[in-house]
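File shown: target-v8.cif. Contents: mmCIF, C-alpha atoms.
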```
data_protein
loop_
_atom_site.label_atom_id
_atom_site.label_comp_id
_atom_site.auth_asym_id
_atom_site.auth_seq_id
_atom_site.Cartn_x
_atom_site.Cartn_y
_atom_site.Cartn_z
CA MET R 1 -28.54 -23.25 77.37
CA ALA R 2 -31.50 -23.48 79.75
CA LYS R 3 -34.33 -25.75 78.75
CA PRO R 4 -37.39 -23.76 77.65
CA VAL R 5 -40.61 -24.09 79.62
CA LEU R 6 -43.66 -25.14 77.64
CA SER R 7 -46.70 -23.42 79.09
CA CYS R 8 -50.03 -24.49 77.63
CA THR R 9 -53.15 -26.44 78.55
CA VAL R 10 -53.35 -30.18 78.01
CA ASN R 11 -56.79 -31.75 78.28
CA ASP R 12 -58.11 -28.56 79.94
CA GLU R 13 -55.40 -28.56 82.66
CA PRO R 14 -52.76 -25.80 82.72
CA VAL R 15 -49.33 -27.36 82.25
CA GLU R 16 -45.79 -26.07 82.67
CA VAL R 17 -43.16 -28.56 81.61
CA LEU R 18 -39.46 -28.37 80.78
CA VAL R 19 -38.76 -29.48 77.23
CA GLN R 20 -35.81 -29.49 74.86
CA PRO R 21 -35.96 -26.95 72.01
CA TRP R 22 -35.91 -29.85 69.52
CA ASP R 23 -38.63 -31.90 71.25
CA THR R 24 -41.73 -32.36 69.13
CA LEU R 25 -45.11 -31.92 70.79
CA LEU R 26 -45.46 -35.71 70.51
CA ASP R 27 -42.13 -36.18 72.36
CA ALA R 28 -43.25 -33.80 75.11
CA LEU R 29 -46.64 -35.50 75.52
CA ARG R 30 -45.24 -39.03 75.60
CA GLU R 31 -41.86 -38.62 77.27
CA ARG R 32 -42.34 -35.64 79.57
CA MET R 33 -46.04 -35.80 80.46
CA GLY R 34 -46.65 -39.55 80.33
CA LEU R 35 -49.50 -39.21 77.85
CA THR R 36 -48.76 -42.17 75.59
CA GLY R 37 -52.11 -42.32 73.79
CA ALA R 38 -50.80 -40.43 70.76
CA LYS R 39 -48.44 -42.75 68.87
CA GLU R 40 -45.40 -42.23 66.70
CA GLY R 41 -45.97 -44.18 63.51
CA CYS R 42 -43.97 -42.54 60.74
CA GLY R 43 -42.68 -39.35 62.37
CA THR R 44 -43.17 -37.49 59.09
CA GLY R 45 -46.86 -36.57 59.10
CA ASP R 46 -48.00 -39.34 56.77
CA CYS R 47 -49.77 -41.80 59.08
CA GLY R 48 -51.88 -39.74 61.51
CA ALA R 49 -51.19 -41.96 64.54
CA CYS R 50 -49.91 -38.90 66.46
CA THR R 51 -53.04 -36.78 65.80
CA VAL R 52 -53.99 -34.44 68.66
CA HIS R 53 -56.10 -31.28 68.74
CA LEU R 54 -54.41 -27.89 68.89
CA ASP R 55 -57.07 -25.28 69.72
CA GLY R 56 -59.64 -27.83 68.58
CA LYS R 57 -58.01 -28.53 65.21
CA PRO R 58 -56.44 -31.89 64.37
CA VAL R 59 -52.67 -31.67 63.83
CA ALA R 60 -49.82 -34.14 63.40
CA SER R 61 -48.04 -33.70 66.74
CA CYS R 62 -44.85 -35.25 65.29
CA LEU R 63 -44.49 -32.23 62.95
CA LEU R 64 -44.84 -29.55 65.61
CA LEU R 65 -42.12 -28.49 68.00
CA ALA R 66 -43.35 -28.68 71.58
CA MET R 67 -42.64 -24.98 72.05
CA GLN R 68 -44.93 -24.14 69.14
CA ALA R 69 -47.81 -25.23 71.37
CA ARG R 70 -46.97 -22.50 73.92
CA GLY R 71 -50.11 -20.60 74.92
CA HIS R 72 -52.34 -23.03 73.05
CA ALA R 73 -54.87 -25.68 74.10
CA VAL R 74 -53.82 -29.27 73.42
CA ARG R 75 -56.23 -32.18 73.63
CA THR R 76 -55.11 -35.79 73.39
CA ILE R 77 -57.05 -39.05 73.31
CA GLU R 78 -56.71 -39.12 77.12
CA GLY R 79 -58.90 -35.99 77.20
CA LEU R 80 -61.51 -37.04 74.64
CA GLY R 81 -63.58 -39.12 77.04
CA ARG R 82 -63.18 -40.71 80.48
CA PRO R 83 -63.65 -44.25 81.74
CA GLY R 84 -67.36 -44.59 82.32
CA ALA R 85 -68.07 -41.53 80.18
CA LEU R 86 -66.67 -42.38 76.79
CA HIS R 87 -66.95 -39.98 73.89
CA PRO R 88 -69.79 -41.21 71.61
CA LEU R 89 -67.19 -42.10 68.97
CA GLN R 90 -65.23 -44.20 71.46
CA ASP R 91 -68.45 -45.95 72.47
CA ALA R 92 -69.29 -46.69 68.84
CA PHE R 93 -65.73 -47.90 68.14
CA VAL R 94 -66.05 -50.37 71.04
CA ARG R 95 -69.46 -51.64 69.97
CA HIS R 96 -68.40 -52.04 66.33
CA GLY R 97 -65.15 -53.73 67.33
CA VAL R 98 -63.18 -51.28 65.24
CA PRO R 99 -59.72 -51.71 66.81
CA GLN R 100 -57.65 -54.60 65.56
CA CYS R 101 -54.05 -53.97 66.63
CA GLY R 102 -55.24 -50.59 67.95
CA PHE R 103 -52.14 -48.55 67.13
CA CYS R 104 -53.91 -46.12 64.78
CA ILE R 105 -57.10 -45.81 66.83
CA PRO R 106 -56.23 -42.79 69.05
CA GLY R 107 -55.32 -40.80 65.94
CA VAL R 108 -58.42 -41.93 64.05
CA LEU R 109 -60.66 -40.99 66.99
CA MET R 110 -59.09 -37.52 67.28
CA ALA R 111 -59.47 -36.95 63.53
CA ALA R 112 -63.07 -38.19 63.55
CA ALA R 113 -63.98 -36.14 66.64
CA ALA R 114 -62.61 -32.97 65.00
CA LEU R 115 -64.53 -33.79 61.82
CA LEU R 116 -67.86 -34.21 63.66
CA THR R 117 -67.34 -31.00 65.65
CA GLU R 118 -66.78 -29.07 62.44
CA ASN R 119 -69.32 -30.94 60.34
CA PRO R 120 -71.91 -32.81 62.45
CA HIS R 121 -73.61 -34.36 59.41
CA PRO R 122 -70.85 -35.50 57.09
CA THR R 123 -71.50 -37.50 53.95
CA GLU R 124 -69.63 -40.77 53.52
CA GLU R 125 -67.30 -38.93 51.14
CA GLU R 126 -66.63 -36.27 53.79
CA ILE R 127 -65.91 -38.93 56.43
CA ARG R 128 -63.45 -40.65 54.11
CA TYR R 129 -61.80 -37.27 53.37
CA GLY R 130 -61.71 -36.43 57.11
CA ILE R 131 -59.78 -39.59 58.01
CA ALA R 132 -57.70 -39.72 54.81
CA GLY R 133 -54.66 -38.75 56.87
CA ASN R 134 -54.95 -41.78 59.15
CA LEU R 135 -53.42 -45.03 58.02
CA CYS R 136 -54.62 -48.35 59.47
CA ARG R 137 -52.19 -51.13 58.64
CA CYS R 138 -54.81 -53.69 59.68
CA THR R 139 -56.96 -52.05 56.95
CA GLY R 140 -59.92 -51.77 59.33
CA TYR R 141 -61.52 -48.88 57.47
CA THR R 142 -64.93 -50.45 56.85
CA LYS R 143 -65.82 -50.69 60.53
CA MET R 144 -64.31 -47.25 61.19
CA LEU R 145 -66.58 -45.77 58.57
CA ALA R 146 -69.60 -47.61 60.05
CA ALA R 147 -68.86 -46.43 63.59
CA ILE R 148 -68.30 -42.80 62.57
CA THR R 149 -71.40 -42.84 60.35
CA GLU R 150 -73.49 -44.27 63.19
CA THR R 151 -72.20 -41.65 65.65
CA ALA R 152 -72.99 -38.82 63.23
CA GLY R 153 -76.44 -40.27 62.60
CA ALA R 154 -77.11 -40.71 66.32
CA ALA R 155 -76.04 -37.14 66.97
CA ALA R 156 -78.39 -35.97 64.24
CA GLY R 157 -81.20 -38.02 65.79
CA ARG R 158 -80.72 -36.42 69.20
CA ARG R 159 -80.88 -32.93 67.77
CA SER R 160 -84.08 -33.38 65.77
CA MET X 1 -33.50 -34.87 66.39
CA ARG X 2 -30.17 -33.04 66.19
CA ARG X 3 -29.83 -30.17 68.66
CA PHE X 4 -30.43 -26.54 67.75
CA GLU X 5 -31.07 -23.24 69.42
CA LEU X 6 -34.72 -22.18 69.19
CA ILE X 7 -35.59 -18.49 68.84
CA LEU X 8 -39.17 -17.40 69.51
CA PRO X 9 -39.78 -13.89 68.08
CA GLU X 10 -43.14 -12.18 68.59
CA SER X 11 -42.95 -9.55 65.86
CA VAL X 12 -41.72 -9.20 62.28
CA ASP X 13 -39.03 -6.76 63.49
CA ASP X 14 -37.80 -9.36 66.00
CA CYS X 15 -37.60 -11.90 63.17
CA VAL X 16 -35.62 -9.58 60.91
CA ARG X 17 -33.26 -8.71 63.77
CA ALA X 18 -32.79 -12.36 64.68
CA LEU X 19 -32.07 -13.27 61.05
CA ALA X 20 -29.57 -10.39 60.70
CA GLN X 21 -27.77 -11.13 63.97
CA ARG X 22 -27.69 -14.90 63.80
CA GLY X 23 -26.37 -15.17 60.28
CA PRO X 24 -26.15 -18.42 58.32
CA GLU X 25 -27.08 -21.86 59.63
CA THR X 26 -30.47 -20.46 60.62
CA LYS X 27 -33.74 -21.88 59.37
CA LEU X 28 -37.16 -20.27 59.59
CA LEU X 29 -39.87 -22.57 60.94
CA ALA X 30 -43.48 -21.95 59.89
CA GLY X 31 -45.76 -25.00 59.69
CA GLY X 32 -42.84 -27.42 59.94
CA THR X 33 -44.41 -30.03 57.67
CA ASP X 34 -41.41 -29.93 55.32
CA LEU X 35 -38.77 -28.67 57.77
CA LEU X 36 -39.28 -31.16 60.60
CA PRO X 37 -38.87 -34.30 58.46
CA GLN X 38 -35.66 -32.76 57.07
CA LEU X 39 -34.40 -31.98 60.59
CA LYS X 40 -35.25 -35.52 61.68
CA ASN X 41 -33.52 -37.29 58.80
CA GLY X 42 -30.45 -35.05 59.01
CA LEU X 43 -30.86 -33.48 55.57
CA LEU X 44 -30.78 -30.09 57.31
CA LYS X 45 -28.56 -29.36 60.30
CA PRO X 46 -29.19 -25.74 61.27
CA ALA X 47 -27.56 -24.34 64.41
CA ARG X 48 -30.61 -22.15 65.02
CA VAL X 49 -34.30 -22.33 64.22
CA ILE X 50 -36.54 -19.26 64.31
CA ASP X 51 -40.16 -20.21 65.04
CA LEU X 52 -42.60 -17.88 63.28
CA SER X 53 -45.72 -19.15 65.08
CA GLY X 54 -45.65 -16.29 67.61
CA VAL X 55 -45.87 -13.57 64.94
CA ALA X 56 -49.57 -12.74 64.57
CA ARG X 57 -49.12 -10.54 61.49
CA LEU X 58 -47.96 -13.50 59.43
CA ARG X 59 -51.30 -15.24 59.99
CA ALA X 60 -53.48 -12.29 58.98
CA ILE X 61 -55.77 -12.08 55.95
CA GLU X 62 -56.82 -8.48 55.33
CA PRO X 63 -57.82 -6.07 52.54
CA ALA X 64 -54.88 -4.68 50.54
CA ASP X 65 -55.36 -1.01 49.62
CA GLY X 66 -58.92 -1.75 48.51
CA ARG X 67 -57.74 -3.80 45.52
CA GLY X 68 -57.28 -7.30 46.82
CA LEU X 69 -56.19 -9.28 49.83
CA ARG X 70 -52.94 -9.50 51.77
CA ILE X 71 -52.51 -13.10 52.80
CA GLY X 72 -49.90 -13.63 55.51
CA ALA X 73 -47.11 -16.09 54.78
CA ALA X 74 -48.02 -18.23 57.80
CA VAL X 75 -51.69 -18.62 56.82
CA THR X 76 -52.31 -22.36 56.79
CA ALA X 77 -53.42 -24.51 53.87
CA ARG X 78 -56.56 -25.32 55.88
CA THR X 79 -57.38 -21.62 56.26
CA LEU X 80 -56.95 -21.09 52.51
CA GLU X 81 -59.25 -24.07 51.97
CA LEU X 82 -62.02 -22.71 54.23
CA ASP X 83 -61.67 -18.90 54.45
CA LYS X 84 -64.74 -17.22 52.93
CA SER X 85 -62.89 -14.15 51.63
CA VAL X 86 -60.30 -16.37 49.91
CA ARG X 87 -62.94 -18.72 48.44
CA ALA X 88 -65.04 -15.81 47.15
CA ARG X 89 -62.16 -14.18 45.24
CA TYR X 90 -59.58 -16.89 44.62
CA LEU X 91 -61.30 -20.26 44.44
CA SER X 92 -58.34 -21.85 42.64
CA LEU X 93 -56.04 -20.88 45.54
CA ALA X 94 -58.51 -22.39 48.03
CA GLU X 95 -58.59 -25.54 45.89
CA SER X 96 -54.80 -25.79 45.98
CA GLY X 97 -54.86 -25.44 49.78
CA ALA X 98 -57.43 -28.25 50.03
CA LEU X 99 -55.16 -30.62 48.08
CA VAL X 100 -52.11 -30.38 50.34
CA GLY X 101 -51.51 -33.35 52.65
CA SER X 102 -54.14 -34.48 55.12
CA VAL X 103 -56.24 -32.28 57.41
CA GLN X 104 -53.63 -32.86 60.16
CA VAL X 105 -50.98 -31.49 57.79
CA ARG X 106 -53.14 -28.70 56.33
CA ASN X 107 -53.72 -27.30 59.82
CA LEU X 108 -49.94 -26.80 60.08
CA ALA X 109 -48.63 -26.31 56.52
CA THR X 110 -48.42 -22.68 55.42
CA LEU X 111 -48.69 -20.71 52.19
CA GLY X 112 -45.24 -19.21 52.75
CA GLY X 113 -43.71 -22.60 53.47
CA ASN X 114 -45.16 -24.04 50.27
CA LEU X 115 -43.66 -21.16 48.26
CA CYS X 116 -40.30 -20.80 50.07
CA ASN X 117 -39.57 -24.52 49.84
CA ALA X 118 -39.90 -23.88 46.11
CA ALA X 119 -40.57 -27.46 45.07
CA PRO X 120 -41.42 -27.46 41.34
CA SER X 121 -44.64 -29.26 42.32
CA ALA X 122 -45.77 -26.65 44.92
CA ASP X 123 -49.58 -26.63 44.65
CA MET X 124 -50.13 -23.03 45.75
CA ALA X 125 -47.78 -21.54 43.14
CA PRO X 126 -49.84 -22.00 39.94
CA PRO X 127 -53.00 -20.33 41.30
CA LEU X 128 -50.94 -17.37 42.57
CA LEU X 129 -49.23 -17.05 39.17
CA ALA X 130 -52.62 -17.15 37.46
CA LEU X 131 -53.92 -14.48 39.87
CA ASP X 132 -50.95 -12.10 39.27
CA ALA X 133 -49.99 -12.16 42.96
CA GLU X 134 -47.01 -10.30 44.39
CA ALA X 135 -44.73 -11.52 47.17
CA VAL X 136 -43.94 -8.98 49.90
CA ILE X 137 -40.46 -9.63 51.29
CA THR X 138 -38.87 -7.92 54.27
CA GLY X 139 -35.31 -7.71 55.50
CA PRO X 140 -32.77 -5.36 57.07
CA LYS X 141 -33.13 -2.92 54.14
CA GLY X 142 -36.93 -2.77 54.39
CA GLU X 143 -39.73 -4.24 52.29
CA ARG X 144 -39.68 -5.11 48.61
CA ARG X 145 -42.28 -6.58 46.27
CA VAL X 146 -41.62 -9.30 43.72
CA PRO X 147 -44.18 -10.64 41.22
CA ILE X 148 -44.74 -14.29 42.15
CA ALA X 149 -43.69 -15.27 38.61
CA ALA X 150 -40.19 -13.93 39.43
CA PHE X 151 -40.05 -15.36 42.98
CA PHE X 152 -38.74 -18.80 42.03
CA THR X 153 -35.20 -19.04 40.66
CA GLY X 154 -34.69 -22.81 40.51
CA VAL X 155 -35.51 -26.10 42.16
CA ARG X 156 -35.78 -25.23 45.89
CA ARG X 157 -34.39 -21.74 45.20
CA THR X 158 -36.07 -18.35 45.48
CA VAL X 159 -35.11 -14.67 45.34
CA LEU X 160 -35.06 -14.55 49.16
CA ALA X 161 -31.68 -13.51 50.57
CA PRO X 162 -30.52 -15.35 53.72
CA ASP X 163 -31.47 -12.33 55.86
CA GLU X 164 -34.91 -11.92 54.28
CA LEU X 165 -38.37 -13.20 55.20
CA LEU X 166 -41.50 -13.69 53.08
CA LEU X 167 -44.10 -11.52 54.80
CA GLU X 168 -47.26 -11.94 52.75
CA LEU X 169 -48.80 -12.31 49.32
CA VAL X 170 -50.79 -9.46 47.81
CA VAL X 171 -53.41 -10.91 45.49
CA PRO X 172 -55.45 -8.52 43.30
CA THR X 173 -59.21 -9.07 43.26
CA PRO X 174 -60.18 -10.45 39.84
CA ALA X 175 -62.49 -8.29 37.70
CA PRO X 176 -66.21 -9.15 37.61
CA HIS X 177 -67.04 -12.24 35.50
CA SER X 178 -63.80 -13.96 36.38
CA GLY X 179 -63.31 -17.60 37.28
CA GLY X 180 -60.41 -19.87 38.06
CA HIS X 181 -59.65 -23.50 38.76
CA TYR X 182 -56.69 -25.59 39.96
CA LEU X 183 -56.30 -29.27 39.22
CA ARG X 184 -53.43 -31.67 39.67
CA HIS X 185 -52.82 -35.29 38.87
CA THR X 186 -51.68 -37.65 41.61
CA PRO X 187 -51.70 -41.46 41.53
CA ARG X 188 -53.09 -41.44 45.07
CA ARG X 189 -55.96 -39.07 45.74
CA GLU X 190 -54.84 -37.82 49.18
CA LEU X 191 -51.39 -37.10 50.65
CA ASP X 192 -49.54 -37.17 47.37
CA ILE X 193 -47.39 -34.80 45.34
CA ALA X 194 -48.49 -33.39 41.99
CA VAL X 195 -47.21 -35.17 38.89
CA VAL X 196 -48.49 -32.07 37.08
CA GLY X 197 -50.59 -29.17 38.38
CA VAL X 198 -52.43 -26.57 36.26
CA ALA X 199 -54.23 -23.38 37.28
CA SER X 200 -56.37 -21.42 34.83
CA GLN X 201 -58.00 -18.04 35.34
CA LEU X 202 -60.37 -16.32 32.85
CA THR X 203 -62.08 -12.94 32.79
CA LEU X 204 -64.98 -12.30 30.41
CA ALA X 205 -66.66 -9.09 29.17
CA ASN X 206 -69.64 -9.27 26.81
CA GLY X 207 -68.80 -12.84 25.90
CA VAL X 208 -65.19 -12.02 25.03
CA CYS X 209 -62.19 -13.21 27.02
CA THR X 210 -60.40 -10.08 28.23
CA LYS X 211 -57.78 -11.85 30.32
CA ALA X 212 -56.49 -15.41 30.43
CA ARG X 213 -53.88 -16.87 32.73
CA ILE X 214 -52.57 -20.44 32.68
CA ALA X 215 -49.83 -21.60 35.06
CA LEU X 216 -48.17 -25.01 35.28
CA ALA X 217 -46.43 -26.84 38.13
CA ALA X 218 -44.03 -29.80 38.09
CA VAL X 219 -43.12 -29.48 34.40
CA ALA X 220 -40.04 -27.24 34.77
CA PRO X 221 -37.55 -26.28 37.53
CA VAL X 222 -39.93 -23.46 38.51
CA PRO X 223 -43.70 -22.93 38.08
CA VAL X 224 -44.29 -21.38 34.63
CA ARG X 225 -46.97 -19.42 32.79
CA ALA X 226 -48.13 -20.59 29.39
CA THR X 227 -48.25 -17.13 27.82
CA ALA X 228 -48.77 -18.26 24.21
CA ALA X 229 -51.77 -20.31 25.34
CA GLU X 230 -53.12 -17.28 27.23
CA GLN X 231 -52.77 -15.05 24.14
CA ALA X 232 -54.60 -17.62 22.01
CA LEU X 233 -57.65 -17.12 24.24
CA GLU X 234 -57.65 -13.35 24.80
CA GLY X 235 -59.69 -10.94 22.67
CA GLN X 236 -62.33 -13.40 21.48
CA PRO X 237 -65.06 -15.69 22.79
CA VAL X 238 -63.77 -18.87 24.49
CA THR X 239 -64.85 -21.84 22.36
CA PRO X 240 -64.08 -25.56 22.69
CA ASP X 241 -61.73 -25.28 19.68
CA ARG X 242 -59.81 -22.39 21.24
CA ILE X 243 -59.57 -24.27 24.55
CA ALA X 244 -58.11 -27.26 22.67
CA ARG X 245 -55.66 -24.95 20.88
CA ALA X 246 -54.63 -23.33 24.19
CA ALA X 247 -54.07 -26.78 25.71
CA ASP X 248 -51.78 -27.69 22.79
CA LEU X 249 -49.84 -24.43 23.22
CA ALA X 250 -49.49 -24.99 26.98
CA VAL X 251 -47.72 -28.29 26.27
CA GLU X 252 -45.02 -26.37 24.37
CA VAL X 253 -43.79 -24.48 27.48
CA ALA X 254 -43.54 -27.69 29.52
CA ARG X 255 -39.96 -28.94 29.99
CA PRO X 256 -40.71 -31.93 32.20
CA ILE X 257 -38.29 -34.49 33.51
CA SER X 258 -38.93 -38.23 33.75
CA ASP X 259 -38.87 -39.54 37.29
CA GLN X 260 -40.62 -42.09 39.48
CA ARG X 261 -43.81 -39.98 39.44
CA GLY X 262 -44.15 -39.97 35.68
CA SER X 263 -42.36 -39.81 32.36
CA ALA X 264 -41.83 -36.55 30.50
CA GLU X 265 -44.23 -37.79 27.82
CA PHE X 266 -46.93 -38.56 30.41
CA ARG X 267 -46.43 -35.13 31.98
CA ARG X 268 -46.89 -33.40 28.61
CA HIS X 269 -50.09 -35.40 28.13
CA LEU X 270 -51.26 -34.29 31.59
CA VAL X 271 -50.56 -30.62 30.76
CA ARG X 272 -52.88 -30.88 27.76
CA VAL X 273 -55.64 -32.67 29.68
CA LEU X 274 -55.47 -30.53 32.83
CA THR X 275 -55.23 -27.26 30.88
CA ARG X 276 -58.36 -28.19 28.96
CA ARG X 277 -60.23 -29.27 32.10
CA THR X 278 -59.26 -26.21 34.16
CA LEU X 279 -60.20 -23.86 31.31
CA ILE X 280 -63.63 -25.50 30.94
CA THR X 281 -64.30 -25.06 34.68
CA ALA X 282 -62.80 -21.53 34.76
CA LEU X 283 -65.08 -20.57 31.86
CA ALA X 284 -68.15 -21.98 33.62
CA ARG X 285 -67.25 -20.11 36.82
CA ALA X 286 -66.57 -16.84 34.95
CA SER X 287 -69.92 -17.20 33.14
CA ALA X 288 -71.90 -17.99 36.31
#
```
Could you take the file, read its structure, and then write that structure out as structure tokens?
Amino acid sequence: MAKPVLSCTVNDEPVEVLVQPWDTLLDALRERMGLTGAKEGCGTGDCGACTVHLDGKPVASCLLLAMQARGHAVRTIEGLGRPGALHPLQDAFVRHGVPQCGFCIPGVLMAAAALLTENPHPTEEEIRYGIAGNLCRCTGYTKMLAAITETAGAAAGRRS
Amino acid sequence: MRRFELILPESVDDCVRALAQRGPETKLLAGGTDLLPQLKNGLLKPARVIDLSGVARLRAIEPADGRGLRIGAAVTARTLELDKSVRARYLSLAESGALVGSVQVRNLATLGGNLCNAAPSADMAPPLLALDAEAVITGPKGERRVPIAAFFTGVRRTVLAPDELLLELVVPTPAPHSGGHYLRHTPRRELDIAVVGVASQLTLANGVCTKARIALAAVAPVPVRATAAEQALEGQPVTPDRIARAADLAVEVARPISDQRGSAEFRRHLVRVLTRRTLITALARASA
């Protein structure tokens, strides 16, 4: 059986890549495209370390077959900001010293970025709900919350 | 993951044909949030997987003959949570969508997947029972409709034949002055499975309850309606005493098991508490 071709965009670039039918989107990103920012924590959708955006919405890329992304727009942590032009959330995470071991951070940033796009002025409760699907085994939630809150507040300040 | 052939239909007809031709050992893939973990751990070993994500009709939400909504089987939990037409008519169903998994899971998990997996704890089942929804099923012999109350036949079993596909749910629009609510108990607030779930739906006319529906999850092999509790409310004003009486009657239809999530006794207690709470909120919403 011929390998299917996954045709989609990844971080705004059109991509055509050979995958196995049973590859998850996470497998395809990490093993076939060299994008290792998204992590495999649990592989069952419980930890959020594999969070990427599919058409702007956060999804667990370990629960999606690669071919289910055909025709869609995928964004990974590698496409959230660039060196020298970090996403405001990345900048705040650096300044607050959020990462400890760092394994969960790409997923947390993708979840938080999707939250702020959808809801630019979240309450603390809404921030907690928005990252409820991201587990941090270092338990670094307090600084995460501070950095996301600051980013949302700063964004609000710029608008007004 | 174990190897399988992946079929990518783009229409409902293609799906039905693929199911008919490929026979057993075929699994339908919608959101994948239940299927993929089972493929990974080897619990399921299908030879073929049919991916439904290319079939636009399964993701549609549209008016049904002017008397409700048709909600496609592949509509996601997140869409149920946020969709304005769903929230306006069926708030309890939107609430059940909002409780499933995390946002990363809700953007994948589907209404049809929640129902076809037929876990006794399925969150979307009680609101649909309380809303008198019908399942539209298609297969080689054409379409058929099954009341959602008759859709489940046992733990992880439904009326679907191996060559059939759940197409959509038809949900009637509640009468004016109706309100509903879904609540569940979980030890952990997010990403957990209901120990007990209860949906209540009330319709009022001139201060009298003209229709009551109460449906329970995770207290029997299939989601069940508490019809005696419903009848205790209908035909009269809804008072705190009658709500308490209905909650007692709801406990009588519960046949819970004891497991690691909770004892049978605790589940019966939860049925009483959650029935009372959902009725109080349903009444407030119907009166608003």
Worksheet item: chain X residues within 12 Å of chain R, counting all atoms listed in the file: which ones, as number ranges by chain?
Response: X: 1-9, 29-41, 45-55, 76, 78-79, 82, 98-109, 188-192
Worksheet entry | Spatial neighbours of Gly207 in chain X, max dist 6 Å, only C-alpha atoms, sep filter under 2 positions, as number ranges by chain | X: 204-205, 237
Go ahead and save the picked residues with C-alpha atoms, as a PDB file, keeping the file's coordinate frame.
```pdb
ATOM      1  CA  LEU X 204     -64.980 -12.300  30.410  1.00  0.00           C
ATOM      2  CA  ALA X 205     -66.660  -9.090  29.170  1.00  0.00           C
ATOM      3  CA  PRO X 237     -65.060 -15.690  22.790  1.00  0.00           C
TER       4      PRO X 237
END
```
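Using all atoms listed in the file, the protein and nucleic acid residues lying no more than 8 Å from Ala217 in chain X, apart from those fewer than 4 places from it along its own chain, are Pro120, Ser121, Ala122, Asp123, Ala125, Pro126, Ala194, Val196, Gly197, Val198, Val222, Pro223 and Val224 of chain X.
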Item to complete: Please indicate the distance in Å from CA of Leu18 in chain R to CA of Ala73 in chain X, rounded to one decimal place.
Response: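 It comes out at 29.8 Å.
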Worksheet item: CA of Asn11 in chain R and CA of Gly84 in chain R are how many Å apart?
Response: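 CA of Asn11 in chain R sits 17.1 Å away from CA of Gly84 in chain R.
Every residue that the PyMOL selection byres ((chain R and resi 10) around 10) selects in this file is listed here: Ser7, Cys8, Thr9, Asn11, Asp12, Glu13, Pro14, Val15, Glu16, Leu29, Met33, Leu35, His53, Leu54, Ala69, His72, Ala73, Val74, Arg75, Thr76, Glu78 and Gly79 of chain R.
CA of Ala92 in chain R is positioned 19.2 Å from CA of Ala49 in chain R.
Closest approach to Leu109 in chain R among R:Arg82, R:Lys143, R:His96, R:Ile77 is made by R:Ile77 (distances from only C-alpha atoms).
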Please write range 174-186 of chain X of the preceding block to a file containing N, CA and C atoms, as a CSV table (one decimal), in the first residue's frame?
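What ended up in part.csv:
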```
chain,number,residue,atom,x,y,z
X,174,PRO,N,-37.6,23.3,22.2
X,174,PRO,CA,-38.5,23.3,23.4
X,174,PRO,C,-39.6,24.4,23.2
X,175,ALA,N,-40.8,24.2,23.8
X,175,ALA,CA,-41.8,25.2,23.8
X,175,ALA,C,-41.4,26.4,24.5
X,176,PRO,N,-42.1,27.6,24.3
X,176,PRO,CA,-41.7,28.8,25.1
X,176,PRO,C,-41.8,28.5,26.6
X,177,HIS,N,-41.1,29.2,27.4
X,177,HIS,CA,-41.0,29.0,28.9
X,177,HIS,C,-40.5,27.6,29.2
X,178,SER,N,-39.4,27.2,28.5
X,178,SER,CA,-38.8,26.0,28.8
X,178,SER,C,-37.3,26.3,29.3
X,179,GLY,N,-36.8,25.4,30.2
X,179,GLY,CA,-35.4,25.6,30.6
X,179,GLY,C,-34.8,24.2,31.0
X,180,GLY,N,-33.6,24.1,30.8
X,180,GLY,CA,-32.9,22.8,31.1
X,180,GLY,C,-31.5,23.1,31.7
X,181,HIS,N,-31.0,22.0,32.3
X,181,HIS,CA,-29.7,22.1,33.0
X,181,HIS,C,-29.1,20.8,33.0
X,182,TYR,N,-27.7,20.7,32.8
X,182,TYR,CA,-27.0,19.4,33.0
X,182,TYR,C,-25.9,19.7,34.0
X,183,LEU,N,-25.8,18.8,35.0
X,183,LEU,CA,-24.8,18.8,36.0
X,183,LEU,C,-24.2,17.4,36.2
X,184,ARG,N,-22.9,17.3,36.5
X,184,ARG,CA,-22.4,16.0,36.8
X,184,ARG,C,-21.5,16.2,38.0
X,185,HIS,N,-21.2,15.1,38.7
X,185,HIS,CA,-20.2,15.1,39.8
X,185,HIS,C,-18.9,14.4,39.3
X,186,THR,N,-17.8,15.1,39.5
X,186,THR,CA,-16.5,14.5,39.2
X,186,THR,C,-15.6,14.9,40.4
```
